[in-house]
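The next block is structure_8.csv, given as CSV, C-alpha atoms.
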chain,number,residue,atom,x,y,z
A,981,MET,CA,-84.2,1.2,-43.4
A,982,GLU,CA,-84.0,4.9,-43.4
A,983,PRO,CA,-82.0,6.0,-40.3
A,984,LEU,CA,-82.5,9.7,-40.8
A,985,TYR,CA,-86.3,9.6,-41.2
A,986,SER,CA,-86.7,7.0,-38.4
A,987,SER,CA,-84.6,9.2,-36.1
A,988,VAL,CA,-86.7,12.3,-36.9
A,989,VAL,CA,-89.9,10.3,-36.2
A,990,ALA,CA,-88.5,9.1,-32.9
A,991,PHE,CA,-87.5,12.7,-32.0
A,992,ALA,CA,-91.0,13.8,-32.9
A,993,GLY,CA,-92.5,11.1,-30.6
A,994,GLY,CA,-90.3,12.4,-27.8
A,995,LEU,CA,-91.5,15.9,-28.4
A,996,PHE,CA,-95.1,14.9,-28.5
A,997,ALA,CA,-94.6,13.1,-25.2
A,998,LEU,CA,-93.0,16.2,-23.6
A,999,GLN,CA,-96.0,18.3,-24.9
A,1000,ARG,CA,-98.3,15.6,-23.4
A,1001,LEU,CA,-100.4,15.6,-26.6
A,1002,ARG,CA,-103.3,13.1,-26.4
A,1003,PHE,CA,-103.6,11.4,-29.8
A,1004,THR,CA,-106.7,9.7,-31.1
A,1005,ILE,CA,-105.8,7.9,-34.3
A,1006,VAL,CA,-108.6,6.2,-36.2
A,1007,GLY,CA,-108.1,4.1,-39.4
A,1008,ALA,CA,-104.3,4.0,-39.4
A,1009,GLN,CA,-104.6,0.6,-41.1
A,1010,ASN,CA,-105.9,2.4,-44.2
A,1011,VAL,CA,-102.4,3.6,-45.1
A,1012,PRO,CA,-101.3,0.9,-47.5
A,1013,ARG,CA,-98.4,-1.2,-46.2
A,1014,THR,CA,-97.0,-1.6,-49.7
A,1015,GLY,CA,-97.2,0.3,-53.0
A,1016,GLY,CA,-97.8,4.0,-53.8
A,1017,ALA,CA,-100.5,6.2,-52.5
A,1018,VAL,CA,-101.3,9.9,-52.3
A,1019,VAL,CA,-102.3,10.9,-48.7
A,1020,ALA,CA,-104.5,14.0,-48.9
A,1021,VAL,CA,-104.4,16.0,-45.7
A,1022,ASN,CA,-106.4,19.0,-44.5
A,1023,HIS,CA,-104.4,22.0,-43.4
A,1024,ILE,CA,-105.2,23.8,-40.2
A,1025,SER,CA,-101.8,24.1,-38.5
A,1026,TYR,CA,-98.1,24.2,-39.0
A,1027,PHE,CA,-97.7,20.6,-37.6
A,1028,ASP,CA,-100.3,18.8,-39.7
A,1029,PHE,CA,-97.6,17.0,-41.7
A,1030,ALA,CA,-96.0,15.7,-38.4
A,1031,TYR,CA,-99.3,14.4,-37.1
A,1032,ALA,CA,-100.3,12.8,-40.4
A,1033,GLY,CA,-96.9,11.1,-40.5
A,1034,TRP,CA,-97.3,9.9,-37.0
A,1035,ALA,CA,-100.5,8.1,-38.1
A,1036,ALA,CA,-98.6,6.3,-40.8
A,1037,ARG,CA,-96.3,4.5,-38.4
A,1038,ALA,CA,-98.7,1.7,-37.9
A,1039,SER,CA,-98.3,0.7,-41.5
A,1040,GLY,CA,-94.5,1.1,-41.4
A,1041,ARG,CA,-94.6,3.9,-44.0
A,1042,HIS,CA,-92.7,7.2,-44.4
A,1043,ILE,CA,-94.7,9.9,-46.1
A,1044,ARG,CA,-92.8,12.1,-48.6
A,1045,PHE,CA,-94.6,15.5,-48.3
A,1046,LEU,CA,-94.7,18.2,-50.9
A,1047,ALA,CA,-93.5,21.4,-49.1
A,1048,LYS,CA,-92.7,24.9,-50.0
A,1049,GLU,CA,-89.3,25.3,-51.6
A,1050,ALA,CA,-88.3,27.9,-49.1
A,1051,VAL,CA,-88.3,25.2,-46.3
A,1052,PHE,CA,-85.5,23.4,-48.2
A,1053,ARG,CA,-83.3,26.6,-48.0
A,1054,HIS,CA,-83.4,26.6,-44.2
A,1055,PRO,CA,-79.9,25.8,-42.9
A,1056,VAL,CA,-81.2,23.2,-40.5
A,1057,GLY,CA,-84.5,22.1,-41.9
A,1058,GLY,CA,-83.3,22.0,-45.5
A,1059,PRO,CA,-80.8,19.1,-45.1
A,1060,LEU,CA,-83.4,17.2,-43.1
A,1061,MET,CA,-86.1,17.7,-45.7
A,1062,ARG,CA,-83.8,16.5,-48.5
A,1063,GLY,CA,-82.5,13.6,-46.4
A,1064,MET,CA,-86.1,12.4,-45.8
A,1065,ARG,CA,-86.8,12.8,-49.5
A,1066,HIS,CA,-89.6,15.3,-49.2
A,1067,ILE,CA,-90.4,17.1,-52.4
A,1068,PRO,CA,-89.9,20.8,-52.8
A,1069,VAL,CA,-92.6,22.9,-54.5
A,1070,ASP,CA,-91.6,26.0,-56.5
A,1071,ARG,CA,-94.9,27.7,-57.2
A,1072,GLU,CA,-93.4,29.3,-60.3
A,1073,ALA,CA,-92.2,26.0,-61.6
A,1074,GLY,CA,-94.8,23.5,-60.3
A,1075,ALA,CA,-94.4,21.0,-63.1
A,1076,ALA,CA,-91.1,19.8,-61.8
A,1077,SER,CA,-92.4,19.0,-58.4
A,1078,TYR,CA,-95.5,17.3,-59.9
A,1079,ASP,CA,-93.3,15.1,-62.1
A,1080,THR,CA,-91.1,14.2,-59.1
A,1081,ALA,CA,-94.2,13.3,-57.0
A,1082,VAL,CA,-95.6,11.1,-59.8
A,1083,ALA,CA,-92.2,9.3,-60.2
A,1084,ALA,CA,-92.1,8.7,-56.4
A,1085,LEU,CA,-95.6,7.3,-56.5
A,1086,ARG,CA,-94.8,4.9,-59.4
A,1087,ALA,CA,-91.7,3.8,-57.4
A,1088,GLY,CA,-94.1,2.7,-54.5
A,1089,GLU,CA,-93.7,5.7,-52.2
A,1090,VAL,CA,-96.5,7.3,-50.1
A,1091,VAL,CA,-96.7,11.0,-51.0
A,1092,GLY,CA,-98.4,13.6,-48.8
A,1093,VAL,CA,-100.2,16.6,-50.3
A,1094,PHE,CA,-102.2,19.4,-48.8
A,1095,PRO,CA,-104.9,19.9,-51.5
A,1096,GLU,CA,-105.9,23.2,-50.1
A,1097,ALA,CA,-102.3,24.5,-50.7
A,1098,THR,CA,-102.4,26.9,-47.7
A,1099,THR,CA,-103.5,26.8,-44.1
A,1100,SER,CA,-107.2,27.3,-43.5
A,1101,ARG,CA,-107.8,30.2,-41.1
A,1102,SER,CA,-111.5,29.2,-40.8
A,1103,PHE,CA,-110.6,25.6,-39.9
A,1104,GLU,CA,-113.0,24.6,-42.6
A,1105,LEU,CA,-112.0,22.8,-45.8
A,1106,LYS,CA,-111.1,25.3,-48.5
A,1107,GLU,CA,-111.4,24.7,-52.2
A,1108,PHE,CA,-109.2,21.8,-53.3
A,1109,LYS,CA,-106.7,21.9,-56.1
A,1110,LEU,CA,-106.9,19.1,-58.7
A,1111,GLY,CA,-103.2,18.0,-58.3
A,1112,VAL,CA,-104.0,15.1,-56.0
A,1113,ALA,CA,-106.5,13.5,-58.4
A,1114,ARG,CA,-104.2,14.0,-61.4
A,1115,MET,CA,-101.2,12.5,-59.6
A,1116,ALA,CA,-103.2,9.4,-58.5
A,1117,ALA,CA,-104.6,8.9,-62.0
A,1118,GLU,CA,-101.3,9.3,-63.7
A,1119,ALA,CA,-99.4,7.1,-61.3
A,1120,GLY,CA,-102.1,4.5,-60.9
A,1121,VAL,CA,-102.4,4.7,-57.1
A,1122,PRO,CA,-105.2,5.4,-54.7
A,1123,ILE,CA,-105.9,8.5,-52.6
A,1124,VAL,CA,-105.9,8.1,-48.9
A,1125,PRO,CA,-108.1,10.9,-47.3
A,1126,LEU,CA,-106.7,12.0,-43.9
A,1127,VAL,CA,-107.9,14.7,-41.6
A,1128,VAL,CA,-106.4,16.3,-38.5
A,1129,TRP,CA,-108.4,18.1,-35.8
A,1130,GLY,CA,-107.1,19.8,-32.7
A,1131,SER,CA,-103.7,20.7,-34.2
A,1132,GLN,CA,-104.8,24.3,-34.6
A,1133,ARG,CA,-104.6,24.6,-30.9
A,1134,VAL,CA,-100.9,23.8,-30.9
A,1135,TRP,CA,-99.9,26.4,-33.5
A,1136,SER,CA,-101.7,27.9,-36.4
A,1137,LYS,CA,-101.5,30.9,-38.6
A,1138,GLY,CA,-102.1,34.1,-36.7
A,1139,LEU,CA,-102.6,32.4,-33.4
A,1140,PRO,CA,-100.3,31.9,-30.4
A,1141,ARG,CA,-98.0,28.8,-30.1
A,1142,ARG,CA,-98.6,26.3,-27.4
A,1143,LEU,CA,-95.5,24.2,-27.7
A,1144,GLY,CA,-95.0,23.3,-24.0
A,1145,PRO,CA,-96.8,20.6,-21.9
A,1146,SER,CA,-100.5,21.2,-22.7
A,1147,ARG,CA,-102.3,17.8,-22.7
A,1148,LEU,CA,-104.1,19.0,-25.9
A,1149,PRO,CA,-106.1,16.3,-27.7
A,1150,VAL,CA,-105.3,15.8,-31.4
A,1151,THR,CA,-107.5,13.6,-33.6
A,1152,VAL,CA,-106.3,12.0,-36.8
A,1153,ILE,CA,-108.8,10.1,-39.0
A,1154,VAL,CA,-107.5,8.1,-42.0
A,1155,GLY,CA,-110.2,7.1,-44.5
A,1156,GLU,CA,-110.3,4.0,-46.7
A,1157,PRO,CA,-108.3,4.5,-50.0
A,1158,VAL,CA,-110.2,6.1,-52.8
A,1159,HIS,CA,-109.4,4.3,-56.1
A,1160,VAL,CA,-108.9,6.3,-59.2
A,1161,ALA,CA,-109.0,5.1,-62.8
A,1162,PRO,CA,-106.6,6.6,-65.4
A,1163,ASP,CA,-109.5,8.2,-67.3
A,1164,ASP,CA,-111.5,9.5,-64.3
A,1165,ASP,CA,-112.3,13.2,-64.4
A,1166,PRO,CA,-110.0,15.0,-61.9
A,1167,ALA,CA,-112.7,17.4,-60.9
A,1168,ALA,CA,-115.1,14.6,-60.1
A,1169,VAL,CA,-112.5,12.6,-58.2
A,1170,THR,CA,-111.6,15.7,-56.2
A,1171,ARG,CA,-115.3,16.3,-55.3
A,1172,ARG,CA,-115.5,12.6,-54.3
A,1173,TYR,CA,-112.6,12.5,-51.9
A,1174,ARG,CA,-113.2,16.0,-50.6
A,1175,ALA,CA,-116.7,14.9,-49.5
A,1176,VAL,CA,-115.1,12.0,-47.7
A,1177,MET,CA,-112.8,14.3,-45.9
A,1178,ALA,CA,-115.6,16.7,-45.0
A,1179,GLU,CA,-117.4,13.8,-43.3
A,1180,GLN,CA,-114.2,12.7,-41.5
A,1181,LEU,CA,-113.7,16.2,-40.3
A,1182,GLU,CA,-117.2,16.5,-38.9
A,1183,THR,CA,-116.7,13.2,-37.1
A,1184,ALA,CA,-113.5,14.4,-35.5
A,1185,GLN,CA,-115.2,17.7,-34.5
A,1186,ARG,CA,-118.2,15.9,-32.9
A,1187,GLY,CA,-115.9,13.6,-30.9
A,1188,TYR,CA,-113.6,16.4,-29.7
A,1189,GLU,CA,-113.8,18.0,-26.2
A,1190,PRO,CA,-116.0,21.1,-26.0
A,1191,LEU,CA,-114.3,24.5,-26.4
A,1192,SER,CA,-115.2,27.7,-24.6
A,1193,GLY,CA,-113.9,31.1,-23.7
A,1194,PRO,CA,-110.6,32.1,-25.4
A,1195,ASP,CA,-110.5,28.6,-27.1
A,1196,LEU,CA,-113.5,29.5,-29.2
A,1197,ARG,CA,-111.0,31.1,-31.6
A,1198,TYR,CA,-110.0,27.6,-32.6
A,1199,LEU,CA,-113.5,26.6,-33.5
A,1200,PRO,CA,-115.2,27.3,-36.9
A,1201,ALA,CA,-117.9,29.9,-36.9
A,1202,ARG,CA,-120.3,27.2,-38.2
A,1203,LEU,CA,-119.9,25.4,-34.8
A,1204,GLY,CA,-120.3,28.6,-32.7
A,1205,GLY,CA,-116.6,29.5,-32.7
A,1206,THR,CA,-115.0,32.9,-33.3
A,1207,ALA,CA,-112.7,31.8,-36.1
A,1208,PRO,CA,-113.3,33.7,-39.4
A,1209,THR,CA,-115.7,32.2,-41.9
A,1210,LEU,CA,-114.4,30.9,-45.2
A,1211,GLU,CA,-115.3,34.2,-46.8
A,1212,GLU,CA,-113.7,36.3,-44.1
A,1213,ALA,CA,-110.6,34.2,-44.2
A,1214,GLY,CA,-110.5,34.6,-48.0
A,1215,ARG,CA,-110.5,38.4,-47.6
A,1216,ILE,CA,-107.7,38.3,-45.1
A,1217,GLU,CA,-105.6,36.2,-47.5
A,1218,GLU,CA,-106.3,38.6,-50.3
A,1219,VAL,CA,-104.9,41.5,-48.2
A,1220,GLU,CA,-101.9,39.4,-47.2
A,1221,ALA,CA,-101.2,38.4,-50.8
A,1222,ALA,CA,-101.4,42.0,-52.0
A,1223,ARG,CA,-98.9,43.0,-49.3
A,1224,ARG,CA,-96.5,40.2,-50.3
A,1225,ARG,CA,-96.7,41.4,-53.9
A,1226,ARG,CA,-95.9,45.0,-52.9
A,1227,ASP,CA,-93.0,43.8,-50.7
A,1228,ARG,CA,-91.6,41.7,-53.6
A,1229,ASP,CA,-92.0,44.5,-56.1
A,1230,ARG,CA,-90.1,46.9,-53.7
A,1231,ARG,CA,-87.4,44.3,-53.2
A,1232,LEU,CA,-87.0,43.7,-56.9
A,1233,GLY,CA,-87.0,47.5,-57.4
A,1234,ARG,CA,-84.2,47.9,-54.9
A,1235,GLU,CA,-82.2,45.1,-56.5
A,1236,GLY,CA,-82.7,46.5,-59.9
A,1237,GLY,CA,-81.6,49.9,-58.8
A,1238,ALA,CA,-78.5,48.5,-57.2
A,1239,GLY,CA,-77.6,46.9,-60.5

Transcribe the structure of this file into structure tokens.
Amino acid sequence: MEPLYSSVVAFAGGLFALQRLRFTIVGAQNVPRTGGAVVAVNHISYFDFAYAGWAARASGRHIRFLAKEAVFRHPVGGPLMRGMRHIPVDREAGAASYDTAVAALRAGEVVGVFPEATTSRSFELKEFKLGVARMAAEAGVPIVPLVVWGSQRVWSKGLPRRLGPSRLPVTVIVGEPVHVAPDDDPAAVTRRYRAVMAEQLETAQRGYEPLSGPDLRYLPARLGGTAPTLEEAGRIEEVEAARRRRDRDRRLGREGGAG
């Protein structure tokens, strides 16, 4: 039993009820009831981890998510994240978090990873990193492809929050485990499970309620929405990354001058 994690899940369920979110969860039984697995999740909102974790309840599993190290420094969120044994990721020292994740997988844990690394402003699948495939091969566990759709309407990057009662539908589709051999090529494995997730995402989109008016901003351009294309989103991210680098350099310059 994990009282803290179970309490957080119960709190999340109460929050979802207050928000009146309407969940459609397909394939929840595909989260293994025992043994390790890497759950690969698409990333279109700030709450994707919570909705993915909600889908794992049917199998009685708690997902240990890889999350930015900064989250663990938060005075409230940090102790909760550590207590639930999520895994901090320091992008400048990624090997340590990778090793921690592999050890957790070998110990029979379910580890959640966002292979796109960052939120997709286009609501399309971005390029996947190879870490999921490498973890699965090294730990000898399967990859469970999971997609979330509709979560971007609750709260996503650069868009307004809708945290009150909304009756918004949220779809979660969990695919069958993708088995990985130790000598499988990580790039080929990544292409294989990404193709599965692309199909799952299209299924979720086809079954979702039609969007119109201002809500077209939550729909990919490919489907007639006004969200940026993958290319446009990439340019936005490049500008933001350059700004963060300038801010960091100014901050380090001030700190160096103060010394």

Name all residues at most 10 Å from region 1157-1163 of chain A (count only C-alpha atoms; drop same-chain ones fewer than 3 positions away) and give them as a list of chain:residue names.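 So the residues in contact are A:Asn1010, A:Val1011, A:Pro1012, A:Ala1017, A:Val1018, A:Val1019, A:Ala1113, A:Arg1114, A:Met1115, A:Ala1116, A:Ala1117, A:Glu1118, A:Ala1119, A:Gly1120, A:Val1121, A:Pro1122, A:Ile1123, A:Val1124, A:Pro1125, A:Leu1126, A:Val1154, A:Pro1166, A:Val1169, A:Arg1172, A:Tyr1173, A:Val1176.
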
What's the separation between CA of Phe1103 (chain A) and CA of Ala1081 (chain A), in Å to one decimal place? 26.7 Å

Atom pair CA of Gly1214 (chain A) / CA of Glu1107 (chain A): separation (Å):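 Distance reported for this atom pair: 10.8 Å.
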
Nearest to Lys1137 (chain A), chosen from A:Phe1045, A:Phe1029, A:Thr1004, A:Thr1099, with only C-alpha atoms counted in the distances: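 Checking each candidate against Lys1137 (chain A), we get A:Thr1099 as the closest.
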
Close residues, region 1031-1040 of chain A itself excluded, 10 Å, all atoms listed in the file, min 5 positions apart in chain, as a count of residues only: 35

What is the distance, in Å and to one decimal place, between CA of Gln999 (chain A) and CA of Leu1191 (chain A)?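 Interatomic distance, CA of Gln999 (chain A) to CA of Leu1191 (chain A): 19.4 Å.
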
Would you list the residues near (-91.2, 5.7, -54.0), meaning any protein, DNA or RNA residue with an atom at most 10 Å from that point in file coordinates, counting only C-alpha atoms, as a count of residues only? 19

Point out the residue among A:Leu1046, A:Val1093, A:Leu1139, A:Val1051 with the least atom-to-atom distance to Ala1076 (chain A), counting all atoms listed in the file.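 Distance minimum relative to Ala1076 (chain A) lands on A:Leu1046.
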
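For the set A:Ser1102, A:His1023, A:Asp1229, A:Tyr985, the residue with the smallest atom-to-atom gap to His1066 (chain A) is A:Tyr985, counting all atoms listed in the file.
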
Check the smallest atom-to-atom distance from each of A:Arg1202, A:Arg1171, A:Arg1071, A:Arg1141 to Glu1104 (chain A) using only C-alpha atoms, then report the winner.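 Under the stated criterion, the closest residue is A:Arg1202.
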
Selected residue, from A:Gly1144, A:Gly1057, A:Pro1194, A:Gly1111, that lies nearest to Asp1079 (chain A) when counting only C-alpha atoms: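 Among the listed residues, A:Gly1111 lies closest to Asp1079 (chain A).
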
With N, CA, C and O atoms as the goal, would you fill in the gaps in region 999-1023 of chain A and present it as a short mmCIF file (atom, residue, chain, number, x, y, z; two decimals), in the coordinates of the input?
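Generated file (out06.cif):
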data_model
loop_
_atom_site.label_atom_id
_atom_site.label_comp_id
_atom_site.auth_asym_id
_atom_site.auth_seq_id
_atom_site.Cartn_x
_atom_site.Cartn_y
_atom_site.Cartn_z
N GLN A 999 -94.84 17.36 -24.79
CA GLN A 999 -96.00 18.30 -24.90
C GLN A 999 -97.24 17.63 -24.26
O GLN A 999 -98.23 18.31 -24.07
N ARG A 1000 -97.16 16.32 -24.00
CA ARG A 1000 -98.30 15.60 -23.40
C ARG A 1000 -99.52 15.63 -24.33
O ARG A 1000 -100.66 15.70 -23.85
N LEU A 1001 -99.28 15.61 -25.62
CA LEU A 1001 -100.40 15.60 -26.60
C LEU A 1001 -101.14 14.25 -26.43
O LEU A 1001 -100.53 13.20 -26.25
N ARG A 1002 -102.44 14.31 -26.54
CA ARG A 1002 -103.30 13.10 -26.40
C ARG A 1002 -103.86 12.77 -27.78
O ARG A 1002 -104.80 13.40 -28.24
N PHE A 1003 -103.25 11.78 -28.43
CA PHE A 1003 -103.60 11.40 -29.80
C PHE A 1003 -104.79 10.42 -29.80
O PHE A 1003 -104.80 9.45 -29.03
N THR A 1004 -105.72 10.67 -30.69
CA THR A 1004 -106.70 9.70 -31.10
C THR A 1004 -106.54 9.45 -32.56
O THR A 1004 -106.76 10.36 -33.36
N ILE A 1005 -106.09 8.26 -32.93
CA ILE A 1005 -105.80 7.90 -34.30
C ILE A 1005 -106.80 6.84 -34.75
O ILE A 1005 -106.80 5.75 -34.17
N VAL A 1006 -107.61 7.13 -35.74
CA VAL A 1006 -108.60 6.20 -36.20
C VAL A 1006 -108.30 5.84 -37.68
O VAL A 1006 -108.03 6.72 -38.51
N GLY A 1007 -108.33 4.57 -37.99
CA GLY A 1007 -108.10 4.10 -39.40
C GLY A 1007 -106.71 4.10 -39.86
O GLY A 1007 -106.48 4.11 -41.08
N ALA A 1008 -105.75 4.01 -38.94
CA ALA A 1008 -104.30 4.00 -39.40
C ALA A 1008 -104.03 2.88 -40.32
O ALA A 1008 -103.14 2.98 -41.17
N GLN A 1009 -104.80 1.79 -40.23
CA GLN A 1009 -104.60 0.60 -41.10
C GLN A 1009 -104.90 0.95 -42.56
O GLN A 1009 -104.57 0.16 -43.47
N ASN A 1010 -105.55 2.09 -42.81
CA ASN A 1010 -105.90 2.40 -44.20
C ASN A 1010 -104.74 3.00 -44.99
O ASN A 1010 -104.86 3.18 -46.21
N VAL A 1011 -103.61 3.29 -44.34
CA VAL A 1011 -102.40 3.60 -45.10
C VAL A 1011 -101.82 2.34 -45.62
O VAL A 1011 -101.47 1.45 -44.85
N PRO A 1012 -101.73 2.18 -46.94
CA PRO A 1012 -101.30 0.90 -47.50
C PRO A 1012 -99.87 0.53 -46.98
O PRO A 1012 -98.99 1.38 -46.89
N ARG A 1013 -99.68 -0.74 -46.67
CA ARG A 1013 -98.40 -1.20 -46.20
C ARG A 1013 -97.37 -1.33 -47.32
O ARG A 1013 -96.16 -1.29 -47.08
N THR A 1014 -97.85 -1.47 -48.54
CA THR A 1014 -97.00 -1.60 -49.70
C THR A 1014 -97.57 -0.76 -50.84
O THR A 1014 -98.78 -0.51 -50.88
N GLY A 1015 -96.73 -0.35 -51.76
CA GLY A 1015 -97.20 0.30 -53.00
C GLY A 1015 -97.41 1.83 -52.74
O GLY A 1015 -97.42 2.33 -51.61
N GLY A 1016 -97.59 2.51 -53.85
CA GLY A 1016 -97.80 4.00 -53.80
C GLY A 1016 -99.15 4.38 -53.39
O GLY A 1016 -100.12 3.65 -53.57
N ALA A 1017 -99.25 5.60 -52.85
CA ALA A 1017 -100.50 6.20 -52.50
C ALA A 1017 -100.32 7.69 -52.27
O ALA A 1017 -99.23 8.12 -51.84
N VAL A 1018 -101.34 8.46 -52.59
CA VAL A 1018 -101.30 9.90 -52.30
C VAL A 1018 -102.15 10.09 -51.01
O VAL A 1018 -103.34 9.76 -50.99
N VAL A 1019 -101.53 10.61 -49.97
CA VAL A 1019 -102.30 10.90 -48.70
C VAL A 1019 -102.65 12.40 -48.82
O VAL A 1019 -101.79 13.28 -48.87
N ALA A 1020 -103.96 12.65 -48.88
CA ALA A 1020 -104.50 14.00 -48.90
C ALA A 1020 -104.84 14.46 -47.52
O ALA A 1020 -105.62 13.80 -46.84
N VAL A 1021 -104.26 15.57 -47.08
CA VAL A 1021 -104.40 16.00 -45.70
C VAL A 1021 -104.97 17.43 -45.64
O VAL A 1021 -104.56 18.31 -46.42
N ASN A 1022 -105.93 17.64 -44.74
CA ASN A 1022 -106.40 19.00 -44.50
C ASN A 1022 -105.33 19.82 -43.85
O ASN A 1022 -104.37 19.27 -43.30
N HIS A 1023 -105.47 21.14 -43.88
CA HIS A 1023 -104.40 22.00 -43.40
C HIS A 1023 -104.89 23.08 -42.49
O HIS A 1023 -105.40 24.10 -42.94
#
